[in-house]
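work-v2.pdb follows; it contains PDB, C-alpha atoms.
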ATOM      1  CA  PRO A   1     -63.182  68.153  68.390
ATOM      2  CA  VAL A   2     -65.706  67.457  65.657
ATOM      3  CA  ALA A   3     -64.534  65.399  62.742
ATOM      4  CA  GLU A   4     -65.359  67.026  59.489
ATOM      5  CA  PRO A   5     -66.299  64.807  56.603
ATOM      6  CA  VAL A   6     -63.547  64.453  54.103
ATOM      7  CA  ALA A   7     -64.660  64.942  50.537
ATOM      8  CA  GLU A   8     -63.539  62.220  48.227
ATOM      9  CA  PRO A   9     -62.222  63.410  44.919
ATOM     10  CA  VAL A  10     -64.810  62.804  42.204
ATOM     11  CA  ALA A  11     -63.470  60.767  39.369
ATOM     12  CA  GLU A  12     -64.473  62.176  36.039
ATOM     13  CA  PRO A  13     -65.524  59.555  33.518
ATOM     14  CA  VAL A  14     -62.834  59.064  30.945
ATOM     15  CA  ALA A  15     -63.991  58.279  27.454
ATOM     16  CA  GLU A  16     -61.984  55.416  26.104
ATOM     17  CA  PRO A  17     -62.003  54.552  22.458
ATOM     18  CA  VAL A  18     -64.482  51.775  21.698
ATOM     19  CA  ALA A  19     -63.449  49.209  19.170
ATOM     20  CA  GLU A  20     -66.200  48.629  16.648
ATOM     21  CA  PRO A  21     -66.919  44.931  16.201
ATOM     22  CA  VAL A  22     -65.988  43.692  12.786
ATOM     23  CA  ALA A  23     -68.593  41.383  11.310
ATOM     24  CA  GLU A  24     -66.945  38.276  10.020
ATOM     25  CA  PRO A  25     -68.671  36.018   7.537
ATOM     26  CA  VAL A  26     -70.417  33.112   9.216
ATOM     27  CA  ALA A  27     -69.880  29.738   7.618
ATOM     28  CA  GLU A  28     -72.960  27.561   7.825
ATOM     29  CA  PRO A  29     -72.209  24.081   9.180
ATOM     30  CA  GLU A  30     -72.875  21.193   6.835
ATOM     31  CA  ARG A  31     -74.978  19.516   9.504
ATOM     32  CA  ASN A  32     -76.795  20.549  12.647
ATOM     33  CA  ASP A  33     -74.420  20.297  15.596
ATOM     34  CA  SER A  34     -76.714  22.077  18.022
ATOM     35  CA  GLN A  35     -77.230  18.927  20.072
ATOM     36  CA  LEU A  36     -74.487  17.585  22.254
ATOM     37  CA  ALA A  37     -72.426  14.889  20.620
ATOM     38  CA  VAL A  38     -73.770  11.461  21.455
ATOM     39  CA  GLN A  39     -71.220   9.327  23.268
ATOM     40  CA  ASP A  40     -70.940   5.553  22.917
ATOM     41  CA  ASP A  41     -72.334   5.079  26.429
ATOM     42  CA  ASP A  42     -75.196   7.538  25.855
ATOM     43  CA  PRO A  43     -78.544   5.822  26.506
ATOM     44  CA  ARG A  44     -79.997   7.565  23.451
ATOM     45  CA  THR A  45     -77.921   5.263  21.257
ATOM     46  CA  LEU A  46     -80.054   2.398  22.540
ATOM     47  CA  LEU A  47     -83.123   4.025  20.986
ATOM     48  CA  ARG A  48     -81.817   3.364  17.488
ATOM     49  CA  CYS A  49     -81.789  -0.067  15.945
ATOM     50  CA  ALA A  50     -78.510  -1.471  14.672
ATOM     51  CA  VAL A  51     -77.473  -0.827  11.081
ATOM     52  CA  GLN A  52     -78.397  -3.735   8.824
ATOM     53  CA  GLU A  53     -77.403  -4.718   5.307
ATOM     54  CA  LEU A  54     -80.683  -4.969   3.410
ATOM     55  CA  THR A  55     -79.876  -8.015   1.298
ATOM     56  CA  GLY A  56     -80.938 -11.656   1.448
ATOM     57  CA  GLU A  57     -83.796 -12.661   3.753
ATOM     58  CA  TRP A  58     -85.876 -10.137   5.657
ATOM     59  CA  THR A  59     -85.487 -10.402   9.435
ATOM     60  CA  PRO A  60     -87.209  -8.364  12.150
ATOM     61  CA  ASP A  61     -83.886  -6.488  12.581
ATOM     62  CA  LYS A  62     -83.698  -5.636   8.871
ATOM     63  CA  TRP A  63     -87.351  -4.570   8.736
ATOM     64  CA  ASP A  64     -86.891  -2.417  11.848
ATOM     65  CA  PHE A  65     -83.800  -0.776  10.316
ATOM     66  CA  TRP A  66     -85.524  -0.179   6.971
ATOM     67  CA  LEU A  67     -88.485   1.403   8.746
ATOM     68  CA  GLN A  68     -86.214   3.612  10.874
ATOM     69  CA  SER A  69     -84.428   4.804   7.711
ATOM     70  CA  ALA A  70     -87.722   5.413   5.888
ATOM     71  CA  ARG A  71     -89.043   7.397   8.863
ATOM     72  CA  GLU A  72     -85.889   9.545   9.011
ATOM     73  CA  ASN A  73     -86.049  10.193   5.247
ATOM     74  CA  ASP A  74     -89.790  10.979   5.352
ATOM     75  CA  SER A  75     -90.339   8.273   2.737
ATOM     76  CA  LEU A  76     -93.672   7.099   4.145
ATOM     77  CA  ALA A  77     -97.025   8.783   4.620
ATOM     78  CA  SER A  78     -98.373   8.630   8.175
ATOM     79  CA  ASP A  79    -100.813   5.782   7.409
ATOM     80  CA  GLU A  80     -98.058   3.764   5.697
ATOM     81  CA  LEU A  81     -95.773   4.369   8.673
ATOM     82  CA  ALA A  82     -98.469   3.237  11.106
ATOM     83  CA  LEU A  83     -99.041   0.045   9.108
ATOM     84  CA  ALA A  84     -95.319  -0.688   8.707
ATOM     85  CA  ARG A  85     -94.761  -0.301  12.476
ATOM     86  CA  GLN A  86     -97.388  -2.962  13.148
ATOM     87  CA  GLY A  87     -96.130  -5.648  10.822
ATOM     88  CA  VAL A  88     -93.016  -7.393   9.605
ATOM     89  CA  MET A  89     -91.620  -8.263   6.197
ATOM     90  CA  THR A  90     -90.692 -11.883   5.498
ATOM     91  CA  GLY A  91     -89.107 -13.510   2.460
ATOM     92  CA  LEU A  92     -86.409 -11.923   0.306
ATOM     93  CA  CYS A  93     -85.475  -8.248   0.457
ATOM     94  CA  ASN A  94     -85.292  -8.028  -3.314
ATOM     95  CA  GLY A  95     -87.531 -10.903  -4.358
ATOM     96  CA  PRO A  96     -90.725 -12.672  -3.311
ATOM     97  CA  SER A  97     -91.762 -11.385   0.117
ATOM     98  CA  VAL A  98     -94.799 -11.132   2.372
ATOM     99  CA  PHE A  99     -95.775  -8.289   4.672
ATOM    100  CA  VAL A 100     -97.427  -9.846   7.730
ATOM    101  CA  THR A 101     -99.632  -7.708   9.974
ATOM    102  CA  GLY A 102    -102.339  -8.239  12.536
ATOM    103  CA  ILE A 103    -104.146  -5.064  11.459
ATOM    104  CA  ASP A 104    -107.269  -5.456   9.342
ATOM    105  CA  SER A 105    -109.150  -2.338   8.356
ATOM    106  CA  LYS A 106    -111.179  -1.114   5.418
ATOM    107  CA  HIS A 107    -108.221   0.982   4.179
ATOM    108  CA  LEU A 108    -105.647  -1.760   4.673
ATOM    109  CA  GLN A 109    -105.328  -2.814   1.031
ATOM    110  CA  LYS A 110    -104.827   0.737  -0.256
ATOM    111  CA  THR A 111    -102.294   1.590   2.468
ATOM    112  CA  PHE A 112    -100.462  -1.685   1.866
ATOM    113  CA  GLU A 113    -100.256  -0.965  -1.876
ATOM    114  CA  GLN A 114     -98.737   2.457  -1.149
ATOM    115  CA  LEU A 115     -96.232   0.871   1.260
ATOM    116  CA  ALA A 116     -95.357  -1.795  -1.317
ATOM    117  CA  THR A 117     -94.824   0.890  -3.984
ATOM    118  CA  THR A 118     -92.382   2.698  -1.683
ATOM    119  CA  LEU A 119     -90.520  -0.549  -0.997
ATOM    120  CA  LYS A 120     -90.307  -1.341  -4.724
ATOM    121  CA  GLU A 121     -88.554   1.986  -5.322
ATOM    122  CA  GLN A 122     -85.618   0.590  -3.323
ATOM    123  CA  PHE A 123     -86.057  -3.117  -4.014
ATOM    124  CA  THR A 124     -86.917  -3.169  -7.713
ATOM    125  CA  ALA A 125     -87.206  -6.975  -8.004
ATOM    126  CA  ALA A 126     -89.461  -7.290  -4.931
ATOM    127  CA  GLU A 127     -92.793  -9.064  -5.305
ATOM    128  CA  ILE A 128     -94.666  -8.150  -2.146
ATOM    129  CA  SER A 129     -97.889  -9.721  -0.965
ATOM    130  CA  LEU A 130     -99.991  -9.127   2.154
ATOM    131  CA  GLN A 131    -100.887 -11.601   4.904
ATOM    132  CA  ILE A 132    -103.105 -10.839   7.884
ATOM    133  CA  ASP A 133    -102.176 -12.846  10.969
ATOM    134  CA  SER A 134    -103.340 -11.540  14.336
ATOM    135  CA  SER A 135    -100.782 -13.698  16.180
ATOM    136  CA  ILE A 136     -97.966 -11.445  14.921
ATOM    137  CA  MET A 137     -99.155  -8.761  17.354
ATOM    138  CA  GLN A 138     -98.408 -11.084  20.285
ATOM    139  CA  ALA A 139     -94.723 -11.461  19.403
ATOM    140  CA  ASP A 140     -92.647  -8.934  21.370
ATOM    141  CA  ASP A 141     -89.577  -9.333  19.199
ATOM    142  CA  LYS A 142     -91.017  -9.089  15.689
ATOM    143  CA  ILE A 143     -92.939  -5.884  15.021
ATOM    144  CA  PRO A 144     -91.094  -2.548  15.078
ATOM    145  CA  GLN A 145     -93.556  -0.855  17.416
ATOM    146  CA  LYS A 146     -92.952  -3.375  20.215
ATOM    147  CA  ARG A 147     -89.213  -3.503  19.501
ATOM    148  CA  GLN A 148     -89.062   0.298  19.893
ATOM    149  CA  GLU A 149     -90.994   0.098  23.164
ATOM    150  CA  GLN A 150     -88.394  -2.399  24.445
ATOM    151  CA  ARG A 151     -85.539  -0.083  23.381
ATOM    152  CA  ILE A 152     -87.169   2.834  25.212
ATOM    153  CA  VAL A 153     -87.478   0.805  28.420
ATOM    154  CA  GLN A 154     -83.846  -0.340  28.189
ATOM    155  CA  ALA A 155     -82.512   3.154  27.423
ATOM    156  CA  THR A 156     -84.544   4.680  30.266
ATOM    157  CA  GLU A 157     -83.177   2.102  32.727
ATOM    158  CA  VAL A 158     -79.596   2.861  31.622
ATOM    159  CA  ALA A 159     -80.180   6.633  31.840
ATOM    160  CA  THR A 160     -81.717   6.324  35.308
ATOM    161  CA  ALA A 161     -78.773   4.237  36.533
ATOM    162  CA  LYS A 162     -76.279   6.723  35.085
ATOM    163  CA  LEU A 163     -78.072   9.662  36.706
ATOM    164  CA  LYS A 164     -78.242   7.940  40.093
ATOM    165  CA  ASN A 165     -74.463   7.528  39.965
ATOM    166  CA  THR A 166     -73.741  11.217  39.424
ATOM    167  CA  PRO A 167     -72.164  13.011  42.417
ATOM    168  CA  VAL A 168     -74.966  15.603  42.682
ATOM    169  CA  ILE A 169     -77.773  13.033  42.797
ATOM    170  CA  GLN A 170     -75.839  10.807  45.218
ATOM    171  CA  TYR A 171     -75.240  13.821  47.479
ATOM    172  CA  LEU A 172     -78.930  14.757  47.495
ATOM    173  CA  ILE A 173     -80.138  11.195  48.049
ATOM    174  CA  GLU A 174     -77.668  10.554  50.893
ATOM    175  CA  ARG A 175     -78.942  13.637  52.687
ATOM    176  CA  CYS A 176     -82.600  12.803  51.981
ATOM    177  CA  GLU A 177     -82.874  16.123  50.157
ATOM    178  CA  GLY A 178     -83.891  14.719  46.806
ATOM    179  CA  LYS A 179     -85.075  11.716  44.906
ATOM    180  CA  MET A 180     -85.085  10.589  41.317
ATOM    181  CA  GLY A 181     -88.162  11.408  39.323
ATOM    182  CA  LYS A 182     -89.282  10.089  35.965
ATOM    183  CA  VAL A 183     -86.546   9.989  33.329
ATOM    184  CA  GLN A 184     -87.485  10.778  29.729
ATOM    185  CA  LEU A 185     -85.202  10.508  26.723
ATOM    186  CA  TYR A 186     -85.452  12.755  23.682
TER     187      TYR A 186
END

Give the structure from the file, written as structure tokens.
Amino acid sequence: PVAEPVAEPVAEPVAEPVAEPVAEPVAEPERNDSQLAVQDDDPRTLLRCAVQELTGEWTPDKWDFWLQSARENDSLASDELALARQGVMTGLCNGPSVFVTGIDSKHLQKTFEQLATTLKEQFTAAEISLQIDSSIMQADDKIPQKRQEQRIVQATEVATAKLKNTPVIQYLIERCEGKMGKVQLY
């Protein structure tokens, strides 16, 4: 006996009603939430300097915070920003003060005057003078540029340690199937 193929019944496509999408108004957020929320233990928090009250005497922490705020608000031109990152303010925030830098160039005076004008917009009673002292560049804890470099190193170390402790990385390392590469923070 030969088995004859059995024909399967062909299912006819059934047209089902399609619901038309209703466009709802989109409310624009008041701020950009496209990035993941930063947690307290997020290494990126280490990249920012601590909030400072800008009164009384200038300290490296206060100058670093002021510069960070000015950078975020686009208050400084690029040459002013470069100069400010390579110096420190001393004296009173809203009184007699001296900007100390190790940089000496032919455009220094003009750039300093522009930086001082920007500072005086916030600190109206400030009397700011300029001092060139190359030894300031040797101090790791005074100028914002070196302080930021230290924060980047610290944050990268914390991020690397956190990544090495994740189950996926531990699994790969234990089985010699992976290794940690360079960690970069953004």

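Pairwise distance (atom CA of Glu80 of chain A, atom CA of Gln154 of chain A) equals 26.9 Å.
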
**Request:** Return the single residue from A:Asn165, A:Gln131, A:Thr59, A:Asn73 that is closest to Cys93 of chain A, with distances computed using all atoms listed in the file.
**Result:**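 Among the listed residues, the smallest separation from Cys93 of chain A belongs to A:Thr59.
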
**Request:** For the structure provided, state which residues fall under the PyMOL selection byres ((chain A and resi 147) around 12), and present them as an MDAnalysis selection string.
**Result:** chainID A and resid 46:50 60:61 63:65 67:68 85:88 137:146 148:154

Keeping only C-alpha atoms, write the selected residues as a PDB file, in the coordinates of the input.
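Written file, again_7.pdb:
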ATOM      1  CA  LEU A  46     -80.054   2.398  22.540  1.00  0.00           C
ATOM      2  CA  LEU A  47     -83.123   4.025  20.986  1.00  0.00           C
ATOM      3  CA  ARG A  48     -81.817   3.364  17.488  1.00  0.00           C
ATOM      4  CA  CYS A  49     -81.789  -0.067  15.945  1.00  0.00           C
ATOM      5  CA  ALA A  50     -78.510  -1.471  14.672  1.00  0.00           C
ATOM      6  CA  PRO A  60     -87.209  -8.364  12.150  1.00  0.00           C
ATOM      7  CA  ASP A  61     -83.886  -6.488  12.581  1.00  0.00           C
ATOM      8  CA  TRP A  63     -87.351  -4.570   8.736  1.00  0.00           C
ATOM      9  CA  ASP A  64     -86.891  -2.417  11.848  1.00  0.00           C
ATOM     10  CA  PHE A  65     -83.800  -0.776  10.316  1.00  0.00           C
ATOM     11  CA  LEU A  67     -88.485   1.403   8.746  1.00  0.00           C
ATOM     12  CA  GLN A  68     -86.214   3.612  10.874  1.00  0.00           C
ATOM     13  CA  ARG A  85     -94.761  -0.301  12.476  1.00  0.00           C
ATOM     14  CA  GLN A  86     -97.388  -2.962  13.148  1.00  0.00           C
ATOM     15  CA  GLY A  87     -96.130  -5.648  10.822  1.00  0.00           C
ATOM     16  CA  VAL A  88     -93.016  -7.393   9.605  1.00  0.00           C
ATOM     17  CA  MET A 137     -99.155  -8.761  17.354  1.00  0.00           C
ATOM     18  CA  GLN A 138     -98.408 -11.084  20.285  1.00  0.00           C
ATOM     19  CA  ALA A 139     -94.723 -11.461  19.403  1.00  0.00           C
ATOM     20  CA  ASP A 140     -92.647  -8.934  21.370  1.00  0.00           C
ATOM     21  CA  ASP A 141     -89.577  -9.333  19.199  1.00  0.00           C
ATOM     22  CA  LYS A 142     -91.017  -9.089  15.689  1.00  0.00           C
ATOM     23  CA  ILE A 143     -92.939  -5.884  15.021  1.00  0.00           C
ATOM     24  CA  PRO A 144     -91.094  -2.548  15.078  1.00  0.00           C
ATOM     25  CA  GLN A 145     -93.556  -0.855  17.416  1.00  0.00           C
ATOM     26  CA  LYS A 146     -92.952  -3.375  20.215  1.00  0.00           C
ATOM     27  CA  GLN A 148     -89.062   0.298  19.893  1.00  0.00           C
ATOM     28  CA  GLU A 149     -90.994   0.098  23.164  1.00  0.00           C
ATOM     29  CA  GLN A 150     -88.394  -2.399  24.445  1.00  0.00           C
ATOM     30  CA  ARG A 151     -85.539  -0.083  23.381  1.00  0.00           C
ATOM     31  CA  ILE A 152     -87.169   2.834  25.212  1.00  0.00           C
ATOM     32  CA  VAL A 153     -87.478   0.805  28.420  1.00  0.00           C
ATOM     33  CA  GLN A 154     -83.846  -0.340  28.189  1.00  0.00           C
TER      34      GLN A 154
END

Run the PyMOL selection byres ((chain A and resi 109) around 12) on the file and write out the hits as a PDB file with C-alpha atoms, keeping the file's coordinate frame.
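As written to disk, out_35.pdb reads:
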ATOM      1  CA  ASP A  79    -100.813   5.782   7.409  1.00  0.00           C
ATOM      2  CA  GLU A  80     -98.058   3.764   5.697  1.00  0.00           C
ATOM      3  CA  LEU A  83     -99.041   0.045   9.108  1.00  0.00           C
ATOM      4  CA  PHE A  99     -95.775  -8.289   4.672  1.00  0.00           C
ATOM      5  CA  THR A 101     -99.632  -7.708   9.974  1.00  0.00           C
ATOM      6  CA  ILE A 103    -104.146  -5.064  11.459  1.00  0.00           C
ATOM      7  CA  ASP A 104    -107.269  -5.456   9.342  1.00  0.00           C
ATOM      8  CA  SER A 105    -109.150  -2.338   8.356  1.00  0.00           C
ATOM      9  CA  LYS A 106    -111.179  -1.114   5.418  1.00  0.00           C
ATOM     10  CA  HIS A 107    -108.221   0.982   4.179  1.00  0.00           C
ATOM     11  CA  LEU A 108    -105.647  -1.760   4.673  1.00  0.00           C
ATOM     12  CA  LYS A 110    -104.827   0.737  -0.256  1.00  0.00           C
ATOM     13  CA  THR A 111    -102.294   1.590   2.468  1.00  0.00           C
ATOM     14  CA  PHE A 112    -100.462  -1.685   1.866  1.00  0.00           C
ATOM     15  CA  GLU A 113    -100.256  -0.965  -1.876  1.00  0.00           C
ATOM     16  CA  GLN A 114     -98.737   2.457  -1.149  1.00  0.00           C
ATOM     17  CA  LEU A 115     -96.232   0.871   1.260  1.00  0.00           C
ATOM     18  CA  ALA A 116     -95.357  -1.795  -1.317  1.00  0.00           C
ATOM     19  CA  SER A 129     -97.889  -9.721  -0.965  1.00  0.00           C
ATOM     20  CA  LEU A 130     -99.991  -9.127   2.154  1.00  0.00           C
ATOM     21  CA  GLN A 131    -100.887 -11.601   4.904  1.00  0.00           C
ATOM     22  CA  ILE A 132    -103.105 -10.839   7.884  1.00  0.00           C
TER      23      ILE A 132
END

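Straight-line separation from atom CA of Thr90 of chain A to atom CA of Ala155 of chain A: 27.8 Å.
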
**Asked** Looking at A:Ile173, A:Leu54, A:Leu76, A:Val183, which one is nearest to Phe123 of chain A, with distances taken over only C-alpha atoms?
**Response**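 Checking each of A:Ile173, A:Leu54, A:Leu76, A:Val183 against Phe123 of chain A, counting only C-alpha atoms, the winner is A:Leu54.
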